[in-house]
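S.K.: Starting off with a structure, shown below.
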Amino acid sequence: MAGTSRGEQRVGLLNGFAAYGMWGLVPLFWPLLKPAGAIEILAHRMVWSLGVVGVLLLVMRRWAWAGELLRQPRKLGLITIAAAVITVNWGVYIWAVNSGHVVEASLGYFINPLVTIAMGVLLLKERLRPVQWTAVGVGAAAVLVLTIGYGRPPWISLCLAFSFATYGLVKKKVNLGGLESLAAESTIQFLPALAYLLWLGSRGEATFTAQGPGHGALLAATGVVTAIPLICFGAAAIRVPLSTLGLLQYMAPVFQFLLGIFYFHEAMPAERWAGFALVWLALSLLTFDALRAARRGALALREAARAAAGPAAAVGVPAEAVVLAVPAEATGIAADAVGSAGPAGPHGAV
């Protein structure tokens, strides 16, 4: 059993590295789609994503959730909001990459955990630990320094961070699997996206057929580029701890940041380095606090199990039943501890 568990965790880690690695390297893909503009690329991504996830769901025979969703107007409304917010996120990200702002886009996903925490306090009335407050304060100082460095607020970063944090908040309430959620959101996005592409074609401005079959194939591949990392993420999420995914999430913006500097040769004056250094300090504080709280939660869980095992052993209750008898509050501590530094959502980052 232990060997199987280690094997499963290894598979989960490989899938996690694959998912976040692909999201981190995706800035190399969007420029290949030029001369298509950001909105045309976005529309193709919406259309082809639905086709890809539709085939996957058909192969897996996972359709039961669709009927249940249609009978829940509130969930449908939340899915619509999620689709709108992720549309903004995708569109801004594609435009940023193809306009030479890869570094600023990467910043958006570095500060996303801080924005998520701030939204939790403001909207959900969550209580922060002192180290978390410190991290949020350092993050706010970083935005101020970067505003001075850019000569304007880093609006691309802020838009990406806030749109993705809002998306995460909505997704938390919807509670739908990654592939199913993408299918539902893509269904809502499909008709407006298709209508835009048809309109663009009627004006003779569409590049899908005008730039040759290779260009058309690349635009169609946007659906695959969206779905494959999501599938890998789903495989990782069920096999590795949330705290591990929380650490892996930083792979994507790190890769994007390095690509922006060394591949796209974007400028990084001293004040921008200072701003990024503050962001990384804030994330280090956040990660340290989350891991420390997770350790405490694990200790509390073991102590609760040990306490339950004492009286259970006296009356001959099996060990398996003792584990089930551990209070739910104890099992929730570890998850709550890492929630603020949890993984980026499956397909918002790109």
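By convention in this document, the chains of the structure tokens carry letters A, B, ... by their order, each chain's residues are numbered from 1, and ligands are numbered from 1 in the order they are shown.
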Could you pull the residues within 9 Å of Val97 of chain A, counting only C-alpha atoms, minus those fewer than 4 positions along the same chain, as a PyMOL selection string?
M.R.: chain A and resi 27-28+30-31+92-93+101-103+105+260
S.K.: Find the residues around segment 35-50 of chain A up to 7 Å (only C-alpha atoms counted), leave out those fewer than 4 positions away in its own chain, and share them as a list in words.
M.R.: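 The neighbour list is Gly54, Trp90, Gly91, Ile94, Trp95, Ala183, Ser186, Thr187, Gln189, Phe190, Ala193, Leu194, Leu197, Thr207, Leu219, Ala220, Thr222, Gly223, Val224, Thr226 and Ala227 of chain A.
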S.K.: Could you write those residues out with C-alpha atoms, as a PDB file, in the first residue's frame?
M.R.:
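Result went into result_0.pdb, see below:
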ATOM      1  CA  GLY A  54     -16.708  18.198 -25.371  1.00  0.00           C
ATOM      2  CA  TRP A  90      -7.530  35.431 -20.794  1.00  0.00           C
ATOM      3  CA  GLY A  91      -7.940  38.468 -23.030  1.00  0.00           C
ATOM      4  CA  ILE A  94      -2.943  37.275 -24.430  1.00  0.00           C
ATOM      5  CA  TRP A  95      -2.783  41.000 -25.209  1.00  0.00           C
ATOM      6  CA  ALA A 183     -17.003  22.888 -20.382  1.00  0.00           C
ATOM      7  CA  SER A 186     -16.866  27.481 -22.659  1.00  0.00           C
ATOM      8  CA  THR A 187     -20.502  26.747 -23.492  1.00  0.00           C
ATOM      9  CA  GLN A 189     -18.518  31.788 -24.110  1.00  0.00           C
ATOM     10  CA  PHE A 190     -19.107  29.857 -27.341  1.00  0.00           C
ATOM     11  CA  ALA A 193     -17.072  34.103 -29.537  1.00  0.00           C
ATOM     12  CA  LEU A 194     -18.432  32.406 -32.671  1.00  0.00           C
ATOM     13  CA  LEU A 197     -15.443  35.391 -35.519  1.00  0.00           C
ATOM     14  CA  THR A 207      -6.864  35.533 -40.226  1.00  0.00           C
ATOM     15  CA  LEU A 219      -5.537  28.887 -33.860  1.00  0.00           C
ATOM     16  CA  ALA A 220      -7.424  25.588 -33.542  1.00  0.00           C
ATOM     17  CA  THR A 222      -5.689  26.988 -28.642  1.00  0.00           C
ATOM     18  CA  GLY A 223      -8.302  24.516 -27.421  1.00  0.00           C
ATOM     19  CA  VAL A 224      -5.648  21.860 -26.834  1.00  0.00           C
ATOM     20  CA  THR A 226      -6.178  25.183 -22.773  1.00  0.00           C
ATOM     21  CA  ALA A 227      -7.290  21.620 -22.045  1.00  0.00           C
TER      22      ALA A 227
END
S.K.: Would you list, as number ranges by chain, the residues of segment 84-219 of chain A that end up in alpha helix (DSSP H) under DSSP run on this structure's backbone?
M.R.: A: 84-98, 102-124, 130-150, 155-174, 178-202, 213-219
S.K.: Rank A:Ala142, A:Ala221, A:Leu32, A:Ala64 by their smallest atom-to-atom distance to Trp280 of chain A, using only C-alpha atoms, and report the top residue only.
M.R.: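 For Trp280 of chain A, the nearest of the given residues is A:Ala142.
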S.K.: With distances taken over only C-alpha atoms, which of A:Phe17, A:Phe29, A:Ile79, A:Thr134 is nearest to Leu218 of chain A?
M.R.: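 When distances to Leu218 of chain A are compared using only C-alpha atoms, the smallest one comes from A:Phe29.
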S.K.: Any idea what the distance is between atom CA of Ala96 of chain A and atom CA of Ala84 of chain A?
M.R.: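 Atom-to-atom, atom CA of Ala96 of chain A to atom CA of Ala84 of chain A, that is 18.4 Å.
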S.K.: List the neighbours of Trp133 of chain A out to 10 Å using only C-alpha atoms; skip same-chain residues closer than 2 positions along the sequence, and give me the result as a tab-separated table (two decimals) with all heavy atoms, in the first residue's frame.
M.R.:
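Saved result, out-v1.tsv, follows:
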chain	number	residue	atom	x	y	z
A	114	LEU	N	-1.88	37.23	-2.74
A	114	LEU	CA	-2.07	38.36	-1.84
A	114	LEU	C	-3.43	39.01	-2.07
A	114	LEU	O	-4.13	39.40	-1.12
A	114	LEU	CB	-0.95	39.39	-2.03
A	114	LEU	CG	0.48	38.86	-1.79
A	114	LEU	CD1	1.51	39.88	-2.25
A	114	LEU	CD2	0.67	38.52	-0.33
A	117	ILE	N	-6.15	36.82	-0.59
A	117	ILE	CA	-6.26	37.01	0.86
A	117	ILE	C	-7.01	38.30	1.18
A	117	ILE	O	-7.89	38.33	2.04
A	117	ILE	CB	-4.86	37.03	1.50
A	117	ILE	CG1	-4.28	35.63	1.53
A	117	ILE	CG2	-4.91	37.59	2.91
A	117	ILE	CD1	-2.89	35.56	2.11
A	118	ALA	N	-6.64	39.38	0.48
A	118	ALA	CA	-7.31	40.66	0.73
A	118	ALA	C	-8.81	40.58	0.45
A	118	ALA	O	-9.63	41.11	1.20
A	118	ALA	CB	-6.67	41.75	-0.14
A	127	ARG	N	-10.39	36.10	8.97
A	127	ARG	CA	-9.40	36.66	9.89
A	127	ARG	C	-8.02	36.18	9.50
A	127	ARG	O	-7.81	35.01	9.23
A	127	ARG	CB	-9.72	36.22	11.33
A	127	ARG	CG	-11.06	36.74	11.83
A	127	ARG	CD	-11.37	36.22	13.22
A	127	ARG	NE	-10.38	36.67	14.19
A	127	ARG	CZ	-10.37	36.31	15.47
A	127	ARG	NH1	-11.29	35.47	15.92
A	127	ARG	NH2	-9.44	36.76	16.28
A	128	LEU	N	-7.08	37.12	9.48
A	128	LEU	CA	-5.72	36.78	9.08
A	128	LEU	C	-4.82	36.64	10.30
A	128	LEU	O	-5.02	37.29	11.32
A	128	LEU	CB	-5.14	37.86	8.17
A	128	LEU	CG	-5.85	38.11	6.83
A	128	LEU	CD1	-5.04	39.09	6.00
A	128	LEU	CD2	-6.07	36.81	6.08
A	129	ARG	N	-3.81	35.80	10.15
A	129	ARG	CA	-2.77	35.70	11.15
A	129	ARG	C	-1.80	36.87	10.96
A	129	ARG	O	-1.73	37.46	9.87
A	129	ARG	CB	-2.04	34.36	11.01
A	129	ARG	CG	-2.92	33.16	11.34
A	129	ARG	CD	-2.16	31.85	11.20
A	129	ARG	NE	-1.87	31.52	9.82
A	129	ARG	CZ	-2.69	30.84	9.03
A	129	ARG	NH1	-3.87	30.44	9.47
A	129	ARG	NH2	-2.34	30.56	7.79
A	130	PRO	N	-1.02	37.23	11.99
A	130	PRO	CA	-0.12	38.40	11.88
A	130	PRO	C	0.83	38.33	10.69
A	130	PRO	O	1.06	39.35	10.02
A	130	PRO	CB	0.65	38.35	13.21
A	130	PRO	CG	-0.29	37.70	14.16
A	130	PRO	CD	-1.03	36.68	13.36
A	131	VAL	N	1.39	37.15	10.41
A	131	VAL	CA	2.33	37.04	9.28
A	131	VAL	C	1.60	37.30	7.96
A	131	VAL	O	2.16	37.91	7.04
A	131	VAL	CB	3.00	35.65	9.27
A	131	VAL	CG1	3.90	35.51	8.04
A	131	VAL	CG2	3.83	35.47	10.54
A	135	ALA	N	2.48	40.09	5.15
A	135	ALA	CA	2.66	39.78	3.73
A	135	ALA	C	1.81	40.69	2.86
A	135	ALA	O	2.27	41.19	1.83
A	135	ALA	CB	2.31	38.32	3.47
A	136	VAL	N	0.57	40.92	3.27
A	136	VAL	CA	-0.31	41.81	2.50
A	136	VAL	C	0.25	43.24	2.50
A	136	VAL	O	0.24	43.92	1.46
A	136	VAL	CB	-1.74	41.78	3.07
A	136	VAL	CG1	-2.60	42.85	2.40
A	136	VAL	CG2	-2.37	40.41	2.84
A	137	GLY	N	0.76	43.69	3.64
A	137	GLY	CA	1.35	45.02	3.72
A	137	GLY	C	2.57	45.16	2.82
A	137	GLY	O	2.73	46.17	2.12
A	138	VAL	N	3.44	44.15	2.83
A	138	VAL	CA	4.62	44.17	1.96
A	138	VAL	C	4.19	44.15	0.49
A	138	VAL	O	4.78	44.85	-0.35
A	138	VAL	CB	5.54	42.97	2.27
A	138	VAL	CG1	6.68	42.88	1.26
A	138	VAL	CG2	6.11	43.09	3.68
A	139	GLY	N	3.15	43.38	0.18
A	139	GLY	CA	2.64	43.35	-1.19
A	139	GLY	C	2.11	44.71	-1.64
A	139	GLY	O	2.35	45.13	-2.77
A	282	ALA	N	6.99	39.02	0.24
A	282	ALA	CA	5.62	38.81	0.73
A	282	ALA	C	5.19	37.35	0.52
A	282	ALA	O	4.59	36.73	1.40
A	282	ALA	CB	4.65	39.76	0.03
A	285	LEU	N	6.91	35.06	3.02
A	285	LEU	CA	6.24	35.12	4.33
A	285	LEU	C	4.96	34.31	4.32
A	285	LEU	O	4.66	33.56	5.26
A	285	LEU	CB	5.95	36.58	4.69
A	285	LEU	CG	7.14	37.47	5.02
A	285	LEU	CD1	6.70	38.93	5.13
A	285	LEU	CD2	7.80	37.02	6.33
A	286	LEU	N	4.21	34.46	3.24
A	286	LEU	CA	2.93	33.77	3.12
A	286	LEU	C	3.12	32.25	3.09
A	286	LEU	O	2.41	31.50	3.76
A	286	LEU	CB	2.22	34.24	1.85
A	286	LEU	CG	0.72	33.99	1.73
A	286	LEU	CD1	-0.03	34.68	2.82
A	286	LEU	CD2	0.24	34.44	0.36
S.K.: Using atom CA of Ala305 of chain A and atom CA of Leu13 of chain A as the two end points, give the distance in Å to one decimal.
M.R.: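 We find that atom CA of Ala305 of chain A and atom CA of Leu13 of chain A lie 28.0 Å from each other.
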S.K.: What is the atom CA of Val174 of chain A to atom CA of Ile188 of chain A distance in Å?
M.R.: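 Taking atom CA of Val174 of chain A and atom CA of Ile188 of chain A, their separation equals 15.1 Å.
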S.K.: Can you list, as a ChimeraX atom specification, every protein, DNA or RNA residue that comes within 12 Å of Asn175 of chain A when you count only C-alpha atoms, leaving out same-chain residues fewer than 2 positions away?
M.R.: /A:65,69,75-76,78-79,82,168-173,177-181
